[in-house]
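Undergrad: Please find protein-v6.cif (mmCIF, C-alpha atoms and all ligand atoms) on the next line:
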```
data_protein
#
loop_
_atom_site.label_atom_id
_atom_site.label_comp_id
_atom_site.auth_asym_id
_atom_site.auth_seq_id
_atom_site.Cartn_x
_atom_site.Cartn_y
_atom_site.Cartn_z
CA MET A 106 82.14 127.28 92.59
CA ARG A 107 80.10 125.43 90.02
CA MET A 108 81.58 122.09 89.01
CA LYS A 109 80.79 119.70 86.20
CA LEU A 110 81.65 116.14 87.15
CA ARG A 111 82.10 113.09 84.95
CA ILE A 112 82.10 110.07 87.23
CA TRP A 113 82.56 106.37 86.46
CA ARG A 114 79.44 104.44 87.45
CA GLN A 115 79.47 100.64 87.54
CA LYS A 116 76.86 98.59 89.38
CA GLY A 117 79.12 95.63 90.08
CA PRO A 118 82.24 93.72 89.03
CA ASP A 119 80.53 92.09 86.05
CA SER A 120 78.38 95.04 84.94
CA PRO A 121 79.47 97.39 82.18
CA GLY A 122 80.56 100.81 83.40
CA ALA A 123 80.24 104.29 81.90
CA LEU A 124 80.98 107.92 82.73
CA HIS A 125 77.93 109.83 84.01
CA ASP A 126 77.63 113.63 84.05
CA TYR A 127 76.65 115.64 87.14
CA GLU A 128 76.54 119.32 88.02
CA LEU A 129 77.14 120.72 91.46
CA ASP A 130 76.59 124.36 92.57
CA ASN A 131 77.89 126.13 95.64
CA VAL A 132 81.04 124.07 96.04
CA SER A 133 83.30 125.87 98.51
CA SER A 134 86.95 126.18 97.49
CA HIS A 135 87.78 125.17 101.09
CA MET A 136 86.08 121.80 100.70
CA SER A 137 88.20 118.72 100.32
CA PHE A 138 87.64 116.57 97.25
CA LEU A 139 85.88 113.92 99.34
CA GLU A 140 83.61 116.52 101.00
CA MET A 141 82.61 117.61 97.51
CA LEU A 142 81.69 113.97 96.69
CA ASP A 143 79.73 113.81 99.97
CA VAL A 144 77.74 116.89 98.91
CA LEU A 145 77.03 115.30 95.52
CA ASN A 146 75.85 112.11 97.24
CA GLU A 147 73.53 114.09 99.57
CA LYS A 148 72.05 115.72 96.47
CA LEU A 149 71.57 112.32 94.76
CA ILE A 150 69.93 110.88 97.90
CA LYS A 151 67.56 113.88 98.19
CA GLU A 152 66.61 113.66 94.52
CA GLY A 153 66.03 109.90 94.88
CA LYS A 154 66.57 109.25 91.18
CA GLU A 155 69.95 107.58 91.36
CA GLU A 156 71.93 105.60 93.91
CA PRO A 157 74.73 107.55 95.65
CA ILE A 158 78.22 107.08 94.27
CA GLU A 159 80.33 104.48 96.07
CA TYR A 160 83.88 105.48 96.87
CA ASP A 161 86.39 104.28 99.44
CA TYR A 162 88.06 106.26 102.18
CA ASP A 163 89.23 105.80 105.72
CA CYS A 164 91.62 108.17 107.48
CA ARG A 165 91.01 111.35 105.42
CA GLU A 166 94.50 112.37 106.57
CA GLY A 167 96.61 111.08 103.70
CA ILE A 168 98.03 108.17 105.64
CA CYS A 169 95.99 105.18 104.50
CA GLY A 170 95.59 105.73 100.74
CA THR A 171 92.17 104.07 100.62
CA CYS A 172 90.65 107.15 98.97
CA GLY A 173 92.67 106.78 95.76
CA VAL A 174 90.84 107.52 92.51
CA VAL A 175 91.98 108.78 89.13
CA VAL A 176 91.20 112.51 88.77
CA ASP A 177 91.49 113.94 85.26
CA GLY A 178 93.67 111.00 84.25
CA VAL A 179 96.10 111.29 87.18
CA PRO A 180 96.00 108.90 90.17
CA HIS A 181 95.18 110.98 93.30
CA GLY A 182 94.70 114.07 91.12
CA PRO A 183 96.72 117.09 89.99
CA ALA A 184 98.44 118.07 93.28
CA ARG A 185 101.83 116.41 93.73
CA ARG A 186 102.51 114.26 96.80
CA THR A 187 98.87 114.58 97.82
CA ALA A 188 96.44 111.72 98.42
CA THR A 189 92.90 112.29 97.08
CA CYS A 190 91.57 112.95 100.59
CA GLN A 191 94.02 115.84 101.01
CA LEU A 192 93.14 117.40 97.68
CA HIS A 193 91.14 120.63 98.03
CA MET A 194 88.65 122.14 95.64
CA ARG A 195 90.77 125.30 95.47
CA THR A 196 93.04 123.25 93.17
CA PHE A 197 90.30 123.58 90.52
CA ARG A 198 88.63 126.61 88.92
CA ASP A 199 85.00 127.64 88.85
CA GLY A 200 83.24 125.90 85.96
CA ASP A 201 85.87 123.16 85.54
CA THR A 202 84.85 119.70 84.37
CA ILE A 203 86.47 117.00 86.53
CA THR A 204 86.63 113.37 85.40
CA ILE A 205 86.76 110.83 88.24
CA GLU A 206 87.53 107.15 87.61
CA PRO A 207 88.61 104.13 89.68
CA TRP A 208 92.14 102.64 89.56
CA ARG A 209 92.49 100.79 86.28
CA SER A 210 94.27 97.43 86.50
CA GLU A 211 93.20 93.85 85.94
CA ALA A 212 94.68 93.00 89.34
CA PHE A 213 92.42 95.64 90.99
CA PRO A 214 88.92 94.65 89.79
CA VAL A 215 86.16 97.21 90.24
CA ILE A 216 83.74 96.30 93.04
CA LYS A 217 81.35 99.20 92.46
CA ASP A 218 81.65 102.71 90.97
CA LEU A 219 85.00 104.06 92.25
CA VAL A 220 85.74 101.19 94.66
CA VAL A 221 88.31 98.60 93.59
CA ASP A 222 89.51 95.41 95.24
CA ARG A 223 93.14 95.93 96.29
CA SER A 224 93.50 92.67 98.21
CA ALA A 225 96.18 91.59 95.70
CA PHE A 226 98.50 93.89 97.70
CA ASP A 227 97.52 92.14 100.94
CA ARG A 228 98.36 88.75 99.43
CA ILE A 229 101.79 90.03 98.32
CA ILE A 230 102.47 91.20 101.89
CA GLN A 231 101.22 87.87 103.27
CA ALA A 232 103.69 86.09 100.96
CA GLY A 233 106.70 87.62 102.75
CA GLY A 234 106.39 91.31 103.60
CA TYR A 235 107.03 90.87 107.30
CA VAL A 236 109.64 89.75 109.82
CA GLY A 237 108.49 86.30 110.95
CA VAL A 238 111.45 85.09 112.98
CA ASN A 239 111.08 85.07 116.74
CA THR A 240 113.13 88.06 117.83
CA GLY A 241 112.41 87.70 121.55
CA CYS A 242 111.99 90.73 123.78
CA ALA A 243 112.51 94.22 122.46
CA GLN A 244 116.12 95.29 122.80
CA ASP A 245 117.31 98.50 124.35
CA ALA A 246 117.18 101.40 121.94
CA ASN A 247 120.33 101.80 119.84
CA SER A 248 121.75 98.41 120.89
CA ILE A 249 122.04 97.47 117.20
CA PRO A 250 123.86 100.35 115.48
CA ILE A 251 122.42 101.10 112.04
CA GLY A 252 124.11 103.62 109.74
CA LYS A 253 122.19 106.83 109.10
CA GLU A 254 122.12 106.31 105.33
CA GLU A 255 120.69 102.78 105.62
CA ALA A 256 118.21 103.84 108.31
CA ASP A 257 117.00 106.70 106.09
CA LYS A 258 116.58 104.43 103.06
CA SER A 259 114.52 101.99 105.12
CA PHE A 260 112.46 104.81 106.63
CA PHE A 261 111.64 106.40 103.27
CA ALA A 262 110.69 103.00 101.77
CA ALA A 263 108.45 102.28 104.76
CA ALA A 264 106.48 105.46 104.01
CA CYS A 265 104.54 103.57 101.28
CA ILE A 266 100.88 103.46 102.31
CA GLY A 267 99.87 100.75 99.82
CA CYS A 268 97.37 102.91 97.94
CA GLY A 269 98.07 101.45 94.49
CA ALA A 270 98.45 104.75 92.61
CA CYS A 271 101.75 103.44 91.21
CA VAL A 272 99.88 100.56 89.57
CA ALA A 273 97.17 102.90 88.25
CA ALA A 274 99.78 105.22 86.70
CA CYS A 275 102.00 102.56 85.16
CA PRO A 276 101.37 101.76 81.47
CA ASN A 277 102.19 98.13 82.34
CA ALA A 278 100.07 98.13 85.53
CA SER A 279 103.21 97.05 87.35
CA ALA A 280 103.29 96.82 91.14
CA ALA A 281 107.10 97.12 91.19
CA LEU A 282 107.18 100.38 93.20
CA PHE A 283 104.93 99.01 95.93
CA VAL A 284 106.73 95.65 96.13
CA GLY A 285 110.12 97.37 95.83
CA ALA A 286 109.30 99.65 98.78
CA LYS A 287 108.06 96.74 100.90
CA ILE A 288 111.16 94.65 100.17
CA ALA A 289 113.56 97.61 100.57
CA GLN A 290 112.25 98.65 103.98
CA TYR A 291 113.57 95.34 105.38
CA ALA A 292 116.56 94.93 103.05
CA HIS A 293 118.28 97.94 104.67
CA LEU A 294 117.85 96.72 108.26
CA PRO A 295 119.57 93.85 110.11
CA GLN A 296 116.16 92.58 111.27
CA GLY A 297 115.24 91.92 107.65
CA LYS A 298 118.33 89.91 106.73
CA PRO A 299 117.49 86.38 108.02
CA GLU A 300 114.45 86.09 105.72
CA ALA A 301 115.69 88.25 102.84
CA THR A 302 116.03 85.41 100.32
CA ARG A 303 112.63 83.91 101.01
CA ARG A 304 110.97 87.35 101.14
CA ALA A 305 112.26 88.52 97.75
CA LEU A 306 111.39 85.25 95.97
CA ARG A 307 107.94 84.87 97.51
CA MET A 308 106.79 88.48 97.14
CA ILE A 309 107.88 88.70 93.51
CA GLU A 310 106.34 85.30 92.74
CA GLN A 311 103.05 86.50 94.29
CA MET A 312 103.20 89.84 92.43
CA ASP A 313 103.44 87.93 89.15
CA ALA A 314 100.69 85.49 90.16
CA GLU A 315 98.33 88.43 90.84
CA GLY A 316 98.61 89.54 87.22
CA PHE A 317 100.55 92.80 87.61
CA GLY A 318 102.70 93.74 84.62
CA ASN A 319 106.47 94.05 84.51
CA CYS A 320 108.33 97.28 85.20
CA SER A 321 109.92 98.89 82.15
CA ASN A 322 111.29 101.99 83.91
CA HIS A 323 108.67 104.54 82.83
CA GLY A 324 108.88 106.31 86.20
CA GLU A 325 105.19 107.27 86.14
CA CYS A 326 104.79 105.50 89.49
CA GLU A 327 107.21 107.78 91.32
CA ALA A 328 105.63 110.87 89.72
CA VAL A 329 102.17 110.15 91.15
CA CYS A 330 103.13 108.54 94.46
CA PRO A 331 101.60 110.62 97.26
CA LYS A 332 104.49 109.68 99.52
CA GLY A 333 107.26 110.32 97.00
CA ILE A 334 108.52 106.73 97.06
CA SER A 335 111.66 106.60 94.91
CA ILE A 336 112.14 104.18 92.00
CA GLU A 337 115.51 103.44 93.64
CA ASN A 338 113.46 100.92 95.61
CA ILE A 339 112.75 99.03 92.38
CA ALA A 340 116.52 98.73 91.84
CA THR A 341 116.86 97.45 95.42
CA MET A 342 114.09 94.90 94.74
CA ARG A 343 115.91 93.69 91.62
CA ARG A 344 119.20 93.35 93.52
CA GLU A 345 117.49 91.43 96.32
CA TYR A 346 115.80 89.15 93.77
CA LEU A 347 119.05 88.53 91.88
CA LYS A 348 120.88 87.66 95.12
CA ALA A 349 118.05 85.32 96.15
CA ALA A 350 117.87 83.66 92.74
CA LEU A 351 121.63 83.08 92.57
CA LYS A 352 121.64 81.72 96.12
CA THR A 353 118.84 79.23 95.56
CA GLY A 354 119.22 78.63 91.81
CA SER A 355 115.46 78.91 91.77
CA ALA A 356 114.66 81.49 89.14
CA THR A 357 114.94 81.94 85.43
CA ILE A 358 116.61 85.32 84.92
S1 LIG A 401 104.55 103.27 96.20
FE1 LIG A 401 103.41 105.22 96.46
S2 LIG A 401 101.74 105.08 94.98
FE2 LIG A 401 102.58 103.00 95.19
S3 LIG A 401 101.30 102.01 96.76
FE3 LIG A 401 103.07 102.91 97.83
S4 LIG A 401 102.38 105.00 98.46
FE4 LIG A 401 100.91 104.28 96.91
#
```
Go ahead and render the structure in this file as structure tokens.

TA:
Amino acid sequence: MRMKLRIWRQKGPDSPGALHDYELDNVSSHMSFLEMLDVLNEKLIKEGKEEPIEYDYDCREGICGTCGVVVDGVPHGPARRTATCQLHMRTFRDGDTITIEPWRSEAFPVIKDLVVDRSAFDRIIQAGGYVGVNTGCAQDANSIPIGKEEADKSFFAAACIGCGACVAACPNASAALFVGAKIAQYAHLPQGKPEATRRALRMIEQMDAEGFGNCSNHGECEAVCPKGISIENIATMRREYLKAALKTGSATI
């Protein structure tokens, strides 16, 4: 396959960026999207005219989300429920032009080319996305009965890999799907109850402090999420926040 690529190049956080055009021959349809970028970088290194393109990745198995970029305007690209690293070139046609850009959000500043700083998500988790109480030794399996429906809801929320595609897809650059999933995974389990009030207040406070926008129910986040995280988790987050705010009288809602 012969591909035309339009790729966002930006030397650093404070440099202006622009789309640059590249052409690549002999792309195998069996290649993954990241292998194709590797081949382009080898070509750029051999030619010695331009620096290779910086992009992030880690597992290449669709379980870390680090690879996320916007492909033809869609976070993670055109294949549904597929992280960029699992996208294959057979998804495209010979001669296609593919536009590749980094996540766009003020809270995810560009570090270089396609690499963005997603540490805002880490700070939201640090604000309360954990169980911090001393729970002692691990209990015997099944000693705390948890209903199947609640266990499933928690399990599906916990599938969020923190890639940030939801933010990149949202017209408001809202992190509500990510934060909703992280709050919901504990809200449905007894282990999450003792710190539920503090968790909801702190995580939402931190989300706002990081500069993410508010959710206005567009649903774009769920559509692009590689793990199919449901916007039901945003409703759970709102319920948890309302309960916490009424309990503490601490919020203006
Ligand atoms: S909710 Fe989906 S898109 Fe958003 S960070 Fe989690 S896995 Fe990525």

Undergrad: Residues near region 128-133 of chain A, anyone? I mean within 9 Å using all atoms listed in the file, not counting same-chain ones fewer than 6 positions away, as a PDB file with C-alpha atoms, in the frame of the given file.

TA:
```pdb
ATOM      1  CA  MET A 106      82.140 127.280  92.590  1.00  0.00           C
ATOM      2  CA  ARG A 107      80.100 125.430  90.020  1.00  0.00           C
ATOM      3  CA  MET A 108      81.580 122.090  89.010  1.00  0.00           C
ATOM      4  CA  LYS A 109      80.790 119.700  86.200  1.00  0.00           C
ATOM      5  CA  LEU A 110      81.650 116.140  87.150  1.00  0.00           C
ATOM      6  CA  ARG A 111      82.100 113.090  84.950  1.00  0.00           C
ATOM      7  CA  MET A 141      82.610 117.610  97.510  1.00  0.00           C
ATOM      8  CA  VAL A 144      77.740 116.890  98.910  1.00  0.00           C
ATOM      9  CA  LEU A 145      77.030 115.300  95.520  1.00  0.00           C
ATOM     10  CA  LYS A 148      72.050 115.720  96.470  1.00  0.00           C
ATOM     11  CA  MET A 194      88.650 122.140  95.640  1.00  0.00           C
ATOM     12  CA  ARG A 195      90.770 125.300  95.470  1.00  0.00           C
ATOM     13  CA  ASP A 199      85.000 127.640  88.850  1.00  0.00           C
TER      14      ASP A 199
END
```

Undergrad: Residues within 6 Å of ligand LIG 401 (chain A), counting all atoms listed in the file: report them as an MDAnalysis selection string.

TA: chainID A and resid 265:271 282:283 330:332 334

Undergrad: Neighbouring residues of Phe260 (chain A) were defined as those with any atom within 12 Å, considering only C-alpha atoms; residues of the same chain fewer than 4 positions away were excluded. Please report them as a ChimeraX atom specification.

TA: /A:251,253-256,264-265,286-287,289-294,332,334-335,338

Undergrad: Would you please work out which residue, of A:Ile229, A:Cys190, A:Cys242, A:Ala123, is nearest to Leu306 (chain A) when using all atoms listed in the file?

TA: A:Ile229

Undergrad: Using only C-alpha atoms for the distances, tell me which of A:Ser224, A:Ser355, A:Thr187, A:Ser321 is nearest to Gly333 (chain A).

TA: A:Thr187

Undergrad: Hey, what's within 12 Å of Pro180 (chain A) if we count all atoms listed in the file and toss same-chain stuff fewer than 3 positions away? As an NGL selection string, please?

TA: :A and (170 or 172-177 or 183-189 or 192 or 204-209 or 268-275 or 325-331)

Undergrad: Can you tell me, as JSON, the centre and edge lengths (Å, one decimal) of the axis-aligned box enclosing all of region 277-288 of chain A's listed atoms after padding each side by 8 Å?

TA:
```
{"center_x": 105.6, "center_y": 97.5, "center_z": 91.6, "size_x": 27.1, "size_y": 21.7, "size_z": 34.6}
```

Undergrad: Neighbours of Gln296 (chain A) within 10 Å (all atoms listed in the file; same-chain residues fewer than 5 positions away dropped), as a PDB file with C-alpha atoms, keeping the file's coordinate frame?

TA:
```
ATOM      1  CA  VAL A 236     109.640  89.750 109.820  1.00  0.00           C
ATOM      2  CA  GLY A 237     108.490  86.300 110.950  1.00  0.00           C
ATOM      3  CA  VAL A 238     111.450  85.090 112.980  1.00  0.00           C
ATOM      4  CA  THR A 240     113.130  88.060 117.830  1.00  0.00           C
ATOM      5  CA  ILE A 249     122.040  97.470 117.200  1.00  0.00           C
ATOM      6  CA  TYR A 291     113.570  95.340 105.380  1.00  0.00           C
ATOM      7  CA  ALA A 301     115.690  88.250 102.840  1.00  0.00           C
TER       8      ALA A 301
END
```

Undergrad: Could I see region 226-237 of chain A restored to all heavy atoms, set down as a PDB file, in the coordinates of the input?

TA:
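Listed below is the output, result.pdb:
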```pdb
ATOM      1  N   PHE A 226      97.377  93.347  96.905  1.00  0.00           N
ATOM      2  CA  PHE A 226      98.500  93.890  97.700  1.00  0.00           C
ATOM      3  C   PHE A 226      98.625  93.161  99.032  1.00  0.00           C
ATOM      4  O   PHE A 226      99.726  92.883  99.490  1.00  0.00           O
ATOM      5  CB  PHE A 226      98.271  95.387  97.960  1.00  0.00           C
ATOM      6  CG  PHE A 226      98.841  96.312  96.904  1.00  0.00           C
ATOM      7  CD1 PHE A 226      99.337  95.823  95.703  1.00  0.00           C
ATOM      8  CD2 PHE A 226      98.891  97.682  97.124  1.00  0.00           C
ATOM      9  CE1 PHE A 226      99.862  96.678  94.731  1.00  0.00           C
ATOM     10  CE2 PHE A 226      99.425  98.538  96.169  1.00  0.00           C
ATOM     11  CZ  PHE A 226      99.895  98.039  94.983  1.00  0.00           C
ATOM     12  N   ASP A 227      97.481  92.853  99.651  1.00  0.00           N
ATOM     13  CA  ASP A 227      97.520  92.140 100.940  1.00  0.00           C
ATOM     14  C   ASP A 227      98.161  90.760 100.759  1.00  0.00           C
ATOM     15  O   ASP A 227      98.948  90.305 101.587  1.00  0.00           O
ATOM     16  CB  ASP A 227      96.106  91.956 101.508  1.00  0.00           C
ATOM     17  CG  ASP A 227      95.434  93.283 101.813  1.00  0.00           C
ATOM     18  OD1 ASP A 227      96.164  94.241 102.086  1.00  0.00           O
ATOM     19  OD2 ASP A 227      94.199  93.354 101.765  1.00  0.00           O
ATOM     20  N   ARG A 228      97.811  90.102  99.650  1.00  0.00           N
ATOM     21  CA  ARG A 228      98.360  88.750  99.430  1.00  0.00           C
ATOM     22  C   ARG A 228      99.869  88.810  99.172  1.00  0.00           C
ATOM     23  O   ARG A 228     100.603  87.902  99.558  1.00  0.00           O
ATOM     24  CB  ARG A 228      97.609  88.059  98.281  1.00  0.00           C
ATOM     25  CG  ARG A 228      96.177  87.681  98.670  1.00  0.00           C
ATOM     26  CD  ARG A 228      95.505  86.839  97.598  1.00  0.00           C
ATOM     27  NE  ARG A 228      95.228  87.576  96.388  1.00  0.00           N
ATOM     28  CZ  ARG A 228      94.123  88.295  96.166  1.00  0.00           C
ATOM     29  NH1 ARG A 228      93.184  88.364  97.083  1.00  0.00           N
ATOM     30  NH2 ARG A 228      93.950  88.929  95.028  1.00  0.00           N
ATOM     31  N   ILE A 229     100.328  89.882  98.531  1.00  0.00           N
ATOM     32  CA  ILE A 229     101.790  90.030  98.320  1.00  0.00           C
ATOM     33  C   ILE A 229     102.485  90.208  99.675  1.00  0.00           C
ATOM     34  O   ILE A 229     103.522  89.601  99.943  1.00  0.00           O
ATOM     35  CB  ILE A 229     102.091  91.219  97.374  1.00  0.00           C
ATOM     36  CG1 ILE A 229     101.567  90.917  95.961  1.00  0.00           C
ATOM     37  CG2 ILE A 229     103.589  91.492  97.327  1.00  0.00           C
ATOM     38  CD1 ILE A 229     101.627  92.097  94.999  1.00  0.00           C
ATOM     39  N   ILE A 230     101.885  91.015 100.548  1.00  0.00           N
ATOM     40  CA  ILE A 230     102.470  91.200 101.890  1.00  0.00           C
ATOM     41  C   ILE A 230     102.446  89.872 102.653  1.00  0.00           C
ATOM     42  O   ILE A 230     103.435  89.476 103.287  1.00  0.00           O
ATOM     43  CB  ILE A 230     101.701  92.286 102.684  1.00  0.00           C
ATOM     44  CG1 ILE A 230     101.839  93.656 102.013  1.00  0.00           C
ATOM     45  CG2 ILE A 230     102.182  92.364 104.144  1.00  0.00           C
ATOM     46  CD1 ILE A 230     103.237  94.240 102.002  1.00  0.00           C
ATOM     47  N   GLN A 231     101.325  89.156 102.559  1.00  0.00           N
ATOM     48  CA  GLN A 231     101.220  87.870 103.270  1.00  0.00           C
ATOM     49  C   GLN A 231     102.267  86.868 102.782  1.00  0.00           C
ATOM     50  O   GLN A 231     102.687  85.983 103.523  1.00  0.00           O
ATOM     51  CB  GLN A 231      99.824  87.273 103.071  1.00  0.00           C
ATOM     52  CG  GLN A 231      98.764  87.946 103.928  1.00  0.00           C
ATOM     53  CD  GLN A 231      97.348  87.702 103.412  1.00  0.00           C
ATOM     54  OE1 GLN A 231      97.127  86.950 102.480  1.00  0.00           O
ATOM     55  NE2 GLN A 231      96.388  88.369 104.013  1.00  0.00           N
ATOM     56  N   ALA A 232     102.706  87.024 101.523  1.00  0.00           N
ATOM     57  CA  ALA A 232     103.690  86.090 100.960  1.00  0.00           C
ATOM     58  C   ALA A 232     105.081  86.289 101.570  1.00  0.00           C
ATOM     59  O   ALA A 232     105.936  85.407 101.467  1.00  0.00           O
ATOM     60  CB  ALA A 232     103.746  86.254  99.448  1.00  0.00           C
ATOM     61  N   GLY A 233     105.359  87.443 102.174  1.00  0.00           N
ATOM     62  CA  GLY A 233     106.700  87.620 102.750  1.00  0.00           C
ATOM     63  C   GLY A 233     107.024  89.018 103.247  1.00  0.00           C
ATOM     64  O   GLY A 233     108.156  89.252 103.684  1.00  0.00           O
ATOM     65  N   GLY A 234     106.101  89.929 103.208  1.00  0.00           N
ATOM     66  CA  GLY A 234     106.390  91.310 103.600  1.00  0.00           C
ATOM     67  C   GLY A 234     106.331  91.546 105.090  1.00  0.00           C
ATOM     68  O   GLY A 234     105.614  92.449 105.541  1.00  0.00           O
ATOM     69  N   TYR A 235     107.046  90.746 105.841  1.00  0.00           N
ATOM     70  CA  TYR A 235     107.030  90.870 107.300  1.00  0.00           C
ATOM     71  C   TYR A 235     108.296  90.232 107.857  1.00  0.00           C
ATOM     72  O   TYR A 235     109.027  89.553 107.140  1.00  0.00           O
ATOM     73  CB  TYR A 235     105.796  90.128 107.885  1.00  0.00           C
ATOM     74  CG  TYR A 235     105.673  88.721 107.371  1.00  0.00           C
ATOM     75  CD1 TYR A 235     106.399  87.682 107.934  1.00  0.00           C
ATOM     76  CD2 TYR A 235     104.868  88.440 106.258  1.00  0.00           C
ATOM     77  CE1 TYR A 235     106.327  86.395 107.426  1.00  0.00           C
ATOM     78  CE2 TYR A 235     104.796  87.151 105.749  1.00  0.00           C
ATOM     79  CZ  TYR A 235     105.520  86.139 106.332  1.00  0.00           C
ATOM     80  OH  TYR A 235     105.463  84.871 105.812  1.00  0.00           O
ATOM     81  N   VAL A 236     108.559  90.466 109.142  1.00  0.00           N
ATOM     82  CA  VAL A 236     109.640  89.750 109.820  1.00  0.00           C
ATOM     83  C   VAL A 236     108.975  88.668 110.657  1.00  0.00           C
ATOM     84  O   VAL A 236     108.218  88.974 111.589  1.00  0.00           O
ATOM     85  CB  VAL A 236     110.476  90.717 110.705  1.00  0.00           C
ATOM     86  CG1 VAL A 236     111.472  89.943 111.557  1.00  0.00           C
ATOM     87  CG2 VAL A 236     111.224  91.715 109.830  1.00  0.00           C
ATOM     88  N   GLY A 237     109.201  87.402 110.294  1.00  0.00           N
ATOM     89  CA  GLY A 237     108.490  86.300 110.950  1.00  0.00           C
ATOM     90  C   GLY A 237     109.304  85.559 111.977  1.00  0.00           C
ATOM     91  O   GLY A 237     108.760  84.743 112.721  1.00  0.00           O
TER      92      GLY A 237
END
```
